[in-house]
Amino acid sequence: MSSADIPQGTGTPAPEKRLGLVRRAWQFVLDLIDVLLKPSSIFGLGVLVLAGFVAGVIFWGGFNTALEITNTEKFCTGCHEMKDNVFAELKTTVHFSNRSGVRASCPDCHVPHNWTDKIARKMQASKEVWGHLFGSINTREKFTDRRLELALHEWARFKANDSLECRNCHSAQSMDITKQSPRAVEAHQRFLFTGEKTCIDCHKGIAHHLPDMRGVPGWQ
Amino acid sequence: MIKKLAMMLLAASLAAGSSTLLAQSVSSSLRGPAPLNEEGPAPPMQPTKNTAEKEVRNYPEQPPVIPHSIDGYQVDMQGNKCLSCHARARTAESKAPMLSITHFMDRDGQFLASVSPRRYFCTQCHVSQSTATPPVSNDFVDIDTVLSHDKPGAKR
């Protein structure tokens with residue numbers, strides 16, 4: 001704020017008033033430090049440790065609960081950007097309904113189950129809140145225009161973690177190739193079991209429609 | 001008198017005819033046991049053939065049928081899943097047959113650098129096959145069979 005912002009002609013000069021406020025706040029901080037540093041005369045040490053422990057549990061639990069809530073499909077599809085595009089498309093795929101009755105939901109494929117990875121992903125997710133507020137993909141047209149970019153992020157993530165999320169449900173070790181179709185057997189034996197490729201190299205677009213694939217390696 | 005008798009005979013035969021028609025619960029092998037005025041339950045969908053084994057073409061111009069499942073394969077403006085295996089450059093990895101040179105020709109017979117737009121939508125011509133047994137069998141015979149009816153040593 002520059003001095004030009006201060007209303008002219010009022011009786012009390014504003015700068016002085018603000019100075020007072022700052023000084024009072026500083027005093028409060030000093031007092032607080034004082035209290036925190038001085039040994040407590042009211043509560044015993046045991047009580048304090050216990051209180052700290054309980055507070056920690058509550059905080060940790062709350063954090064975890066918040067994570068649990070944001071880790072549901074209901075949360076993800078709460079935004080129309082997610083609901084009208086990717087969720088609508090997911091409904092027609094094998095990951096939504098199949099003979100086994102196992103349903104893959106958004107967090108199964110998009111949020112790593114590992115705790116630290118989880119936090120990292122959530123931090124990244126704050127970008128989506130920005131996007132939501134500023135409407136980066138709030139129409140179908142904007143979404144299809146940006147789709148390749150978003151998909152590239154996801155492919156890069158799957159590539160970097162060796163398709164970790166896919167493997168949480170499908171493990172290469174448990175695949176019975178005698179039960180797979182001939183094309184699957186051939187491809188998995190040559191490229192998957194040898195570690196040459198990972199799931200996402202060959203299985204793009206299994207859950208949503210594809211973005212414009214021109215220029216993506218292996219596509220035309 | 002004769003006219004009256006004829007009318008009575010006609011009426012009687014009509015009545016008899018219609019009663020036999022009504023009595024018969026019409027059941028053909030196609031409809032199953034469902035009565036004519038009711039819709040029977042739909043039979044379950046059969047899975048597509050997924051053996052990946054080449055099937056014989058019935059005539060030389062026939063687009064070969066697809067010997068594998070194509071569930072969820074996207075072919076539209078955004079991308080062409082079929083070409084990710086059948087395109088020339090992809091066949092070493094996918095072991096799929098390359099689409100033939102006719103797919104690169106425009107209507108004037110000129111060869112284009114990539115798949116001709118009129119051949120882009122593969123399932124216009126190529127279809128996957130169901131494992132269902134057809135209720136009516138097909139008595140198509142191909143030209144070789146027709147020709148082989150000739151006597152041995154007949155003129156070609």
# chains A, B, ... in the order shown; residues from 1 in each chain; ligands from 1
$ interface_residues --of "chain B" --to "chain A" --cutoff "10 Å" --atoms "only C-alpha atoms" --output "number ranges by chain"
B: 50-53, 68-69, 71-85, 87, 89-90, 93-96, 114-115
$ residues_around --residues "Pro44 (chain B)" --least-positions-apart "3" --cutoff "12 Å" --atoms "only C-alpha atoms" --output "list in words"
Pro41, Pro47, Ser130, Thr131 and Ala132 of chain B
$ write_last_selection --atoms "N, CA, C and O atoms" --output "mmCIF file, in the first residue's frame"
data_model
loop_
_atom_site.group_PDB
_atom_site.id
_atom_site.type_symbol
_atom_site.label_atom_id
_atom_site.label_comp_id
_atom_site.auth_asym_id
_atom_site.auth_seq_id
_atom_site.Cartn_x
_atom_site.Cartn_y
_atom_site.Cartn_z
ATOM 1 N N PRO B 41 -37.426 -63.572 -24.293
ATOM 2 C CA PRO B 41 -36.222 -62.989 -23.703
ATOM 3 C C PRO B 41 -35.069 -63.018 -24.702
ATOM 4 O O PRO B 41 -34.930 -63.972 -25.468
ATOM 5 N N PRO B 47 -19.434 -63.729 -26.758
ATOM 6 C CA PRO B 47 -18.178 -63.007 -26.930
ATOM 7 C C PRO B 47 -17.686 -63.091 -28.371
ATOM 8 O O PRO B 47 -18.089 -63.988 -29.116
ATOM 9 N N SER B 130 -18.629 -63.177 -34.151
ATOM 10 C CA SER B 130 -19.200 -63.648 -32.898
ATOM 11 C C SER B 130 -18.996 -65.160 -32.779
ATOM 12 O O SER B 130 -18.864 -65.860 -33.781
ATOM 13 N N THR B 131 -18.955 -65.653 -31.540
ATOM 14 C CA THR B 131 -18.830 -67.095 -31.350
ATOM 15 C C THR B 131 -20.204 -67.770 -31.327
ATOM 16 O O THR B 131 -20.298 -68.973 -31.136
ATOM 17 N N ALA B 132 -21.278 -67.006 -31.495
ATOM 18 C CA ALA B 132 -22.629 -67.587 -31.457
ATOM 19 C C ALA B 132 -22.823 -68.547 -32.630
ATOM 20 O O ALA B 132 -22.269 -68.339 -33.707
#
$ atom_distance --atom1 "CA of Phe104 (chain B)" --atom2 "CA of Ser116 (chain B)"
4.9 Å
$ residues_around --residues "Cys166 (chain A)" --least-positions-apart "2" --cutoff "9 Å" --atoms "only C-alpha atoms" --output "ChimeraX atom specification"
/A:108-109,158,162-164,168-171,199-200
$ write_last_selection --atoms "N, CA and C atoms" --output "PDB file, in the first residue's frame"
ATOM      1  N   ASP A 108      -7.850 -45.351  -7.605  1.00  0.00           N
ATOM      2  CA  ASP A 108      -7.105 -46.589  -7.837  1.00  0.00           C
ATOM      3  C   ASP A 108      -6.038 -46.378  -8.908  1.00  0.00           C
ATOM      4  N   CYS A 109      -6.343 -45.576  -9.885  1.00  0.00           N
ATOM      5  CA  CYS A 109      -5.382 -45.377 -10.963  1.00  0.00           C
ATOM      6  C   CYS A 109      -4.618 -44.066 -10.840  1.00  0.00           C
ATOM      7  N   PHE A 158       2.929 -42.634 -15.069  1.00  0.00           N
ATOM      8  CA  PHE A 158       2.860 -44.100 -15.119  1.00  0.00           C
ATOM      9  C   PHE A 158       4.191 -44.690 -15.577  1.00  0.00           C
ATOM     10  N   ASP A 162       6.674 -47.124 -13.297  1.00  0.00           N
ATOM     11  CA  ASP A 162       6.520 -48.459 -13.874  1.00  0.00           C
ATOM     12  C   ASP A 162       5.075 -48.949 -13.736  1.00  0.00           C
ATOM     13  N   SER A 163       4.132 -48.071 -14.001  1.00  0.00           N
ATOM     14  CA  SER A 163       2.695 -48.387 -13.955  1.00  0.00           C
ATOM     15  C   SER A 163       2.280 -48.981 -12.608  1.00  0.00           C
ATOM     16  N   LEU A 164       2.785 -48.354 -11.562  1.00  0.00           N
ATOM     17  CA  LEU A 164       2.527 -48.826 -10.203  1.00  0.00           C
ATOM     18  C   LEU A 164       1.044 -49.073  -9.926  1.00  0.00           C
ATOM     19  N   ASN A 168      -0.964 -52.515  -8.869  1.00  0.00           N
ATOM     20  CA  ASN A 168      -1.639 -52.756  -7.602  1.00  0.00           C
ATOM     21  C   ASN A 168      -2.770 -53.750  -7.783  1.00  0.00           C
ATOM     22  N   CYS A 169      -3.346 -53.784  -8.960  1.00  0.00           N
ATOM     23  CA  CYS A 169      -4.412 -54.750  -9.230  1.00  0.00           C
ATOM     24  C   CYS A 169      -3.952 -55.896 -10.127  1.00  0.00           C
ATOM     25  N   HIS A 170      -3.186 -55.592 -11.155  1.00  0.00           N
ATOM     26  CA  HIS A 170      -2.730 -56.622 -12.092  1.00  0.00           C
ATOM     27  C   HIS A 170      -1.245 -56.830 -11.865  1.00  0.00           C
ATOM     28  N   SER A 171      -0.824 -57.978 -11.362  1.00  0.00           N
ATOM     29  CA  SER A 171       0.622 -58.138 -11.271  1.00  0.00           C
ATOM     30  C   SER A 171       1.094 -59.063 -12.377  1.00  0.00           C
ATOM     31  N   CYS A 199       3.071 -51.326 -18.673  1.00  0.00           N
ATOM     32  CA  CYS A 199       1.666 -51.385 -19.086  1.00  0.00           C
ATOM     33  C   CYS A 199       1.249 -50.189 -19.948  1.00  0.00           C
ATOM     34  N   ILE A 200       1.600 -48.987 -19.502  1.00  0.00           N
ATOM     35  CA  ILE A 200       1.064 -47.797 -20.155  1.00  0.00           C
ATOM     36  C   ILE A 200       1.633 -47.615 -21.559  1.00  0.00           C
TER      37      ILE A 200
END
$ atom_distance --atom1 "CA of Leu90 (chain A)" --atom2 "CA of Val102 (chain A)"
13.8 Å
$ residues_around --residues "Thr102 (chain B)" --least-positions-apart "2" --cutoff "10 Å" --atoms "only C-alpha atoms" --output "PyMOL selection string"
chain B and resi 99-100+104-106+109-112+115-116+119
$ atom_distance --atom1 "CA of Ile70 (chain B)" --atom2 "CA of Thr133 (chain B)"
19.7 Å
$ closest_residue --among "B:Pro135, B:Glu61, B:Gly153, B:Pro97" --to "Gly32 (chain B)" --atoms "only C-alpha atoms"
B:Pro135
